[in-house]
Amino acid sequence: MLLLAVAAPRAQNAGTQPPSSALAEAERLLASGQAKEAVVEARKAVEEQPLSPHAWFVLARAYTEEGDIEGAIKAGHRAADFAAVRASAFYNLACAYALKGDKDSAFKALLGAKRAGFADRSLMAGDPDLASLHNDTRFVLPLERNYFTLKLKDGTELPFSVDLPVNYLPAKAYPVLIAPGHGKKVEGNWGGLFWGEDTSQRGWIVVESPAFLLPDPIGSTSQLLDETARRYRVEGGKFHFACYGPSSGPAFGAAMAYPARVKSLSALPGAPVTDKSEELKKLRGIRVSFIVGQDDKIWKPEVEVAYGRLQSAGVESYLEVVPDAGHLLQPMFGGEFAERLQLLR
């Protein structure tokens, strides 16, 4: 199933050129099922506006509809060069490679799509173009997300969601990640871009909730941990925390409040709000990982200072500065963060 472009890429054509009439005609022909004619018009469009992401994107779609998989792959890679359509272009490339029978390239394209922000698990699961990948272990998707509501001691209702590992066994203990999130069903969101199926495929339980952002984040998180431990077997009896931005201060605070219950804390990016050495020493015994973009002008200096303070306080901590990344750590999408979690176990 070919995706349409997810952004409004026409506005990003070279210079101030208006959209190509050939491009509009190619789209019209595609919509009416005239793929062969659409290819002709789309080729005119890329000749007229070679820096138009939408023109290359439509050309790749037209080639696929026509059955020219090699043409679709060539144009698809060109489309994926443009940020405006990258996620959808990579997804369509995965479909083209899967139809060709090139599984390795299909999975690489899917990884590219996820790193560019593609997170539609339902489409992946039901797309007939990806049918040839379904029996490959690299494609195995987790069970359906579970939604719950926990009534806290102060009467507040805390929504939380749970992603269970592939082939989950109730009697088995699993590493459990506590992460910020809606905790309730939100259209188009499944497991976030840092974890989701990538952690489930690696045998993790992921619990998402807004607990870190409630008025009493320490008390709320403590009760969430109790409820999670009641429902599932937690590996080593300790949890792993993930946080970013505004949720990072409360996450560090919760970890300092009950360090015996926390195995690791990953900030993507983030930092504790205190600079007091005696408070930071409470994190001893917890593996703290700071991940920040090289071009994140706001968080990078703060994270580097926090890392130095934790090192001085004797806390096992790590700092990763991601090259060519800003505040949104896209290089950590598509399994990269999940791999780092494995190292913190």
# chains A, B, ... in the order shown; residues from 1 in each chain; ligands from 1
$ select_by_dssp --residues "stretch 116-192 of chain A" --states "helix (DSSP H, G or I)" --output "ChimeraX atom specification"
/A:121-126,128-133,137-139
$ write_last_selection --atoms "N, CA and C atoms" --output "compact mmCIF listing (two decimals), in the first residue's frame"
# COMPACT_ATOMS: atom_id res chain seq x y z
N ARG A 121 2.22 1.48 13.15
CA ARG A 121 2.37 0.04 13.29
C ARG A 121 1.22 -0.71 12.61
N SER A 122 0.00 -0.18 12.70
CA SER A 122 -1.17 -0.86 12.12
C SER A 122 -1.03 -0.99 10.62
N LEU A 123 -0.52 0.05 9.96
CA LEU A 123 -0.32 -0.02 8.52
C LEU A 123 0.72 -1.07 8.18
N MET A 124 1.82 -1.08 8.91
CA MET A 124 2.86 -2.08 8.68
C MET A 124 2.30 -3.49 8.80
N ALA A 125 1.50 -3.71 9.84
CA ALA A 125 1.00 -5.06 10.12
C ALA A 125 0.06 -5.56 9.05
N GLY A 126 -0.72 -4.64 8.44
CA GLY A 126 -1.73 -5.09 7.50
C GLY A 126 -1.44 -4.81 6.05
N PRO A 128 -0.43 -5.40 2.48
CA PRO A 128 -0.15 -6.58 1.65
C PRO A 128 1.17 -6.49 0.90
N ASP A 129 1.64 -5.27 0.65
CA ASP A 129 2.93 -5.13 -0.05
C ASP A 129 4.09 -5.65 0.79
N LEU A 130 3.90 -5.72 2.10
CA LEU A 130 4.95 -6.20 2.99
C LEU A 130 4.75 -7.66 3.39
N ALA A 131 3.81 -8.33 2.74
CA ALA A 131 3.47 -9.71 3.13
C ALA A 131 4.67 -10.64 3.11
N SER A 132 5.60 -10.41 2.19
CA SER A 132 6.76 -11.31 2.09
C SER A 132 7.69 -11.18 3.29
N LEU A 133 7.49 -10.14 4.12
CA LEU A 133 8.35 -9.93 5.28
C LEU A 133 7.76 -10.53 6.55
N THR A 137 11.78 -12.89 11.33
CA THR A 137 11.80 -12.48 12.74
C THR A 137 12.01 -10.98 12.90
N ARG A 138 12.61 -10.33 11.92
CA ARG A 138 12.84 -8.90 12.00
C ARG A 138 11.54 -8.10 11.90
N PHE A 139 10.48 -8.77 11.44
CA PHE A 139 9.21 -8.08 11.25
C PHE A 139 8.25 -8.33 12.40
$ residues_around --residues "A:Phe333" --least-positions-apart "5" --cutoff "12 Å" --atoms "only C-alpha atoms" --output "PyMOL selection string"
chain A and resi 87+110-119+191-199+268+325+328+338-340
$ residues_around --residues "A:Ala72" --least-positions-apart "4" --cutoff "12 Å" --atoms "only C-alpha atoms" --output "PyMOL selection string"
chain A and resi 2+39+42-43+56-68+76-80+89-90+92-97+99-100
$ write_last_selection --atoms "C-alpha atoms" --output "mmCIF file, in the first residue's frame"
data_model
loop_
_atom_site.group_PDB
_atom_site.id
_atom_site.type_symbol
_atom_site.label_atom_id
_atom_site.label_comp_id
_atom_site.auth_asym_id
_atom_site.auth_seq_id
_atom_site.Cartn_x
_atom_site.Cartn_y
_atom_site.Cartn_z
ATOM 1 C CA LEU A 2 1.692 3.166 -1.164
ATOM 2 C CA VAL A 39 4.947 8.250 -15.127
ATOM 3 C CA ALA A 42 5.936 12.842 -13.235
ATOM 4 C CA ARG A 43 9.140 12.558 -15.247
ATOM 5 C CA TRP A 56 10.327 12.649 -6.946
ATOM 6 C CA PHE A 57 7.882 11.151 -4.469
ATOM 7 C CA VAL A 58 5.071 11.059 -7.041
ATOM 8 C CA LEU A 59 7.411 9.642 -9.685
ATOM 9 C CA ALA A 60 8.336 6.771 -7.362
ATOM 10 C CA ARG A 61 4.645 6.081 -6.690
ATOM 11 C CA ALA A 62 3.842 6.171 -10.391
ATOM 12 C CA TYR A 63 6.626 3.717 -11.236
ATOM 13 C CA THR A 64 5.373 1.341 -8.542
ATOM 14 C CA GLU A 65 1.786 1.519 -9.777
ATOM 15 C CA GLU A 66 3.033 0.858 -13.303
ATOM 16 C CA GLY A 67 4.968 -2.190 -12.084
ATOM 17 C CA ASP A 68 8.422 -0.777 -12.747
ATOM 18 C CA GLY A 76 12.272 6.505 -4.125
ATOM 19 C CA HIS A 77 15.854 6.862 -2.970
ATOM 20 C CA ARG A 78 15.974 10.320 -4.537
ATOM 21 C CA ALA A 79 12.741 11.279 -2.762
ATOM 22 C CA ALA A 80 14.126 10.016 0.551
ATOM 23 C CA ALA A 89 9.397 7.751 0.825
ATOM 24 C CA PHE A 90 11.322 5.197 2.870
ATOM 25 C CA ASN A 92 7.235 3.125 -0.013
ATOM 26 C CA LEU A 93 10.792 1.979 -0.732
ATOM 27 C CA ALA A 94 10.303 -0.841 1.779
ATOM 28 C CA CYS A 95 7.156 -1.858 -0.100
ATOM 29 C CA ALA A 96 8.996 -1.792 -3.423
ATOM 30 C CA TYR A 97 11.894 -3.877 -2.133
ATOM 31 C CA LEU A 99 7.592 -6.742 -3.797
ATOM 32 C CA LYS A 100 10.943 -7.331 -5.499
#
$ residues_around --residues "stretch 165-178 of chain A" --least-positions-apart "4" --cutoff "7 Å" --atoms "only C-alpha atoms" --output "PyMOL selection string"
chain A and resi 141-143+200-201+203-208+232-235+239-242
$ select_by_dssp --residues "stretch 49-288 of chain A" --states "strand (DSSP E)" --output "ChimeraX atom specification"
/A:146-151,157-163,176-180,205-209,239-243,262-267,287-288
$ write_last_selection --atoms "N, CA and C atoms" --output "mmCIF file, in the first residue's frame"
data_model
loop_
_atom_site.group_PDB
_atom_site.id
_atom_site.type_symbol
_atom_site.label_atom_id
_atom_site.label_comp_id
_atom_site.auth_asym_id
_atom_site.auth_seq_id
_atom_site.Cartn_x
_atom_site.Cartn_y
_atom_site.Cartn_z
ATOM 1 N N ASN A 146 -1.961 -2.452 25.656
ATOM 2 C CA ASN A 146 -2.939 -2.574 26.731
ATOM 3 C C ASN A 146 -3.095 -1.231 27.435
ATOM 4 N N TYR A 147 -4.341 -0.843 27.717
ATOM 5 C CA TYR A 147 -4.621 0.438 28.374
ATOM 6 C C TYR A 147 -5.287 0.206 29.715
ATOM 7 N N PHE A 148 -4.815 0.922 30.718
ATOM 8 C CA PHE A 148 -5.355 0.786 32.077
ATOM 9 C C PHE A 148 -5.502 2.165 32.716
ATOM 10 N N THR A 149 -6.203 2.210 33.836
ATOM 11 C CA THR A 149 -6.304 3.427 34.646
ATOM 12 C C THR A 149 -6.047 3.048 36.094
ATOM 13 N N LEU A 150 -5.140 3.774 36.736
ATOM 14 C CA LEU A 150 -4.806 3.537 38.139
ATOM 15 C C LEU A 150 -5.338 4.698 38.968
ATOM 16 N N LYS A 151 -6.150 4.396 39.964
ATOM 17 C CA LYS A 151 -6.647 5.433 40.866
ATOM 18 C C LYS A 151 -5.637 5.629 41.977
ATOM 19 N N GLU A 157 -6.922 9.978 38.754
ATOM 20 C CA GLU A 157 -6.874 8.803 37.879
ATOM 21 C C GLU A 157 -5.683 8.938 36.942
ATOM 22 N N LEU A 158 -4.789 7.958 36.999
ATOM 23 C CA LEU A 158 -3.580 7.956 36.173
ATOM 24 C C LEU A 158 -3.740 6.951 35.042
ATOM 25 N N PRO A 159 -3.865 7.398 33.793
ATOM 26 C CA PRO A 159 -3.911 6.449 32.680
ATOM 27 C C PRO A 159 -2.508 5.920 32.404
ATOM 28 N N PHE A 160 -2.410 4.650 32.075
ATOM 29 C CA PHE A 160 -1.107 4.113 31.657
ATOM 30 C C PHE A 160 -1.322 3.013 30.636
ATOM 31 N N SER A 161 -0.361 2.885 29.756
ATOM 32 C CA SER A 161 -0.426 1.861 28.717
ATOM 33 C C SER A 161 0.760 0.929 28.870
ATOM 34 N N VAL A 162 0.571 -0.307 28.435
ATOM 35 C CA VAL A 162 1.606 -1.332 28.571
ATOM 36 C C VAL A 162 1.809 -2.026 27.235
ATOM 37 N N ASP A 163 3.044 -2.039 26.763
ATOM 38 C CA ASP A 163 3.428 -2.806 25.585
ATOM 39 C C ASP A 163 4.132 -4.064 26.073
ATOM 40 N N VAL A 176 11.654 -3.873 32.636
ATOM 41 C CA VAL A 176 10.498 -2.990 32.486
ATOM 42 C C VAL A 176 10.958 -1.542 32.371
ATOM 43 N N LEU A 177 10.532 -0.883 31.298
ATOM 44 C CA LEU A 177 10.855 0.518 31.071
ATOM 45 C C LEU A 177 9.660 1.381 31.453
ATOM 46 N N ILE A 178 9.888 2.369 32.319
ATOM 47 C CA ILE A 178 8.872 3.346 32.684
ATOM 48 C C ILE A 178 9.165 4.609 31.889
ATOM 49 N N ALA A 179 8.227 5.023 31.050
ATOM 50 C CA ALA A 179 8.492 6.119 30.119
ATOM 51 C C ALA A 179 7.352 7.129 30.124
ATOM 52 N N PRO A 180 7.644 8.367 29.769
ATOM 53 C CA PRO A 180 6.580 9.376 29.671
ATOM 54 C C PRO A 180 5.716 9.130 28.443
ATOM 55 N N ILE A 205 9.106 -4.968 28.592
ATOM 56 C CA ILE A 205 7.783 -4.421 28.854
ATOM 57 C C ILE A 205 7.956 -2.910 28.955
ATOM 58 N N VAL A 206 7.113 -2.155 28.262
ATOM 59 C CA VAL A 206 7.183 -0.698 28.325
ATOM 60 C C VAL A 206 5.882 -0.155 28.905
ATOM 61 N N VAL A 207 6.005 0.628 29.966
ATOM 62 C CA VAL A 207 4.855 1.261 30.612
ATOM 63 C C VAL A 207 4.944 2.758 30.367
ATOM 64 N N GLU A 208 3.961 3.302 29.661
ATOM 65 C CA GLU A 208 3.925 4.737 29.381
ATOM 66 C C GLU A 208 2.825 5.391 30.204
ATOM 67 N N SER A 209 3.115 6.555 30.783
ATOM 68 C CA SER A 209 2.114 7.299 31.548
ATOM 69 C C SER A 209 2.588 8.738 31.725
ATOM 70 N N PHE A 239 13.355 -1.212 38.052
ATOM 71 C CA PHE A 239 12.810 -0.631 36.837
ATOM 72 C C PHE A 239 13.858 0.223 36.115
ATOM 73 N N HIS A 240 13.592 0.440 34.834
ATOM 74 C CA HIS A 240 14.399 1.338 34.017
ATOM 75 C C HIS A 240 13.539 2.555 33.688
ATOM 76 N N PHE A 241 14.081 3.759 33.872
ATOM 77 C CA PHE A 241 13.365 4.988 33.572
ATOM 78 C C PHE A 241 13.880 5.582 32.263
ATOM 79 N N ALA A 242 12.972 6.167 31.499
ATOM 80 C CA ALA A 242 13.343 6.981 30.336
ATOM 81 C C ALA A 242 12.628 8.312 30.478
ATOM 82 N N CYS A 243 13.262 9.381 30.038
ATOM 83 C CA CYS A 243 12.642 10.696 30.155
ATOM 84 C C CYS A 243 13.230 11.623 29.109
ATOM 85 N N VAL A 262 15.316 1.371 41.131
ATOM 86 C CA VAL A 262 15.637 1.812 39.770
ATOM 87 C C VAL A 262 16.974 1.234 39.324
ATOM 88 N N LYS A 263 16.975 0.620 38.168
ATOM 89 C CA LYS A 263 18.195 0.024 37.607
ATOM 90 C C LYS A 263 18.944 1.028 36.730
ATOM 91 N N SER A 264 18.194 1.762 35.905
ATOM 92 C CA SER A 264 18.844 2.727 35.012
ATOM 93 C C SER A 264 17.906 3.890 34.734
ATOM 94 N N LEU A 265 18.505 4.986 34.271
ATOM 95 C CA LEU A 265 17.734 6.165 33.878
ATOM 96 C C LEU A 265 18.369 6.726 32.614
ATOM 97 N N SER A 266 17.561 6.871 31.574
ATOM 98 C CA SER A 266 18.045 7.413 30.304
ATOM 99 C C SER A 266 17.347 8.732 30.026
ATOM 100 N N ALA A 267 18.125 9.783 29.784
ATOM 101 C CA ALA A 267 17.586 11.103 29.486
ATOM 102 C C ALA A 267 17.861 11.443 28.032
ATOM 103 N N ARG A 287 22.434 3.250 36.795
ATOM 104 C CA ARG A 287 23.168 3.585 35.581
ATOM 105 C C ARG A 287 22.444 4.721 34.873
ATOM 106 N N VAL A 288 23.098 5.853 34.745
ATOM 107 C CA VAL A 288 22.485 7.040 34.156
ATOM 108 C C VAL A 288 23.103 7.295 32.784
#
$ atom_distance --atom1 "atom CA of A:Asp295" --atom2 "atom CA of A:Arg309"
21.8 Å
$ atom_distance --atom1 "atom CA of A:Gln330" --atom2 "atom CA of A:Gly293"
9.3 Å
$ closest_residue --among "A:Ser317, A:Ser88, A:Thr156, A:Gln34" --to "A:His54" --atoms "only C-alpha atoms"
A:Ser88
$ residues_around --residues "stretch 152-155 of chain A" --least-positions-apart "3" --cutoff "12 Å" --atoms "only C-alpha atoms" --output "MDAnalysis selection string"
chainID A and resid 149 158:159 211 214:217 219:227
$ atom_distance --atom1 "atom CA of A:Asp296" --atom2 "atom CA of A:Asp324"
9.5 Å
$ decode --residues "stretch 254-315 of chain A" --atoms "C-alpha atoms" --output "short mmCIF file (atom, residue, chain, number, x, y, z; two decimals), in the first residue's frame"
data_model
loop_
_atom_site.label_atom_id
_atom_site.label_comp_id
_atom_site.auth_asym_id
_atom_site.auth_seq_id
_atom_site.Cartn_x
_atom_site.Cartn_y
_atom_site.Cartn_z
CA ALA A 254 11.79 9.95 41.57
CA ALA A 255 14.99 7.95 41.04
CA MET A 256 16.69 9.82 43.89
CA ALA A 257 13.65 9.23 46.12
CA TYR A 258 13.79 5.43 45.78
CA PRO A 259 17.08 4.41 44.14
CA ALA A 260 16.72 0.80 45.32
CA ARG A 261 13.86 0.37 42.83
CA VAL A 262 15.64 1.81 39.77
CA LYS A 263 18.19 0.02 37.61
CA SER A 264 18.84 2.73 35.01
CA LEU A 265 17.73 6.17 33.88
CA SER A 266 18.04 7.41 30.30
CA ALA A 267 17.59 11.10 29.49
CA LEU A 268 16.92 11.92 25.81
CA PRO A 269 17.85 14.67 26.58
CA GLY A 270 17.37 15.79 30.15
CA ALA A 271 19.08 16.51 33.45
CA PRO A 272 18.36 16.60 37.20
CA VAL A 273 17.15 19.94 38.53
CA THR A 274 19.45 19.85 41.55
CA ASP A 275 23.18 20.54 41.60
CA LYS A 276 23.65 19.45 45.21
CA SER A 277 26.25 16.72 45.48
CA GLU A 278 24.54 15.03 48.42
CA GLU A 279 21.33 14.71 46.44
CA LEU A 280 23.09 13.47 43.31
CA LYS A 281 24.92 10.81 45.34
CA LYS A 282 21.53 9.16 45.88
CA LEU A 283 21.78 8.04 42.27
CA ARG A 284 24.73 5.78 43.07
CA GLY A 285 23.88 2.25 42.02
CA ILE A 286 21.77 3.54 39.10
CA ARG A 287 23.17 3.59 35.58
CA VAL A 288 22.48 7.04 34.16
CA SER A 289 22.70 7.63 30.42
CA PHE A 290 22.62 11.12 28.92
CA ILE A 291 21.86 11.29 25.18
CA VAL A 292 21.84 14.70 23.53
CA GLY A 293 22.07 16.07 20.00
CA GLN A 294 25.28 17.74 18.90
CA ASP A 295 23.26 20.69 17.60
CA ASP A 296 20.94 21.02 20.60
CA LYS A 297 22.08 24.45 21.74
CA ILE A 298 19.78 24.55 24.77
CA TRP A 299 20.16 21.10 26.30
CA LYS A 300 23.71 20.13 25.32
CA PRO A 301 25.50 22.57 27.71
CA GLU A 302 23.14 21.65 30.56
CA VAL A 303 23.56 17.92 29.96
CA GLU A 304 27.35 18.18 29.85
CA VAL A 305 27.37 20.02 33.18
CA ALA A 306 25.02 17.44 34.74
CA TYR A 307 27.17 14.59 33.45
CA GLY A 308 30.25 16.13 35.06
CA ARG A 309 28.45 16.55 38.36
CA LEU A 310 27.29 12.93 38.40
CA GLN A 311 30.79 11.75 37.59
CA SER A 312 32.14 13.81 40.49
CA ALA A 313 29.44 12.35 42.76
CA GLY A 314 30.54 8.81 41.93
CA VAL A 315 27.44 7.93 39.88
#
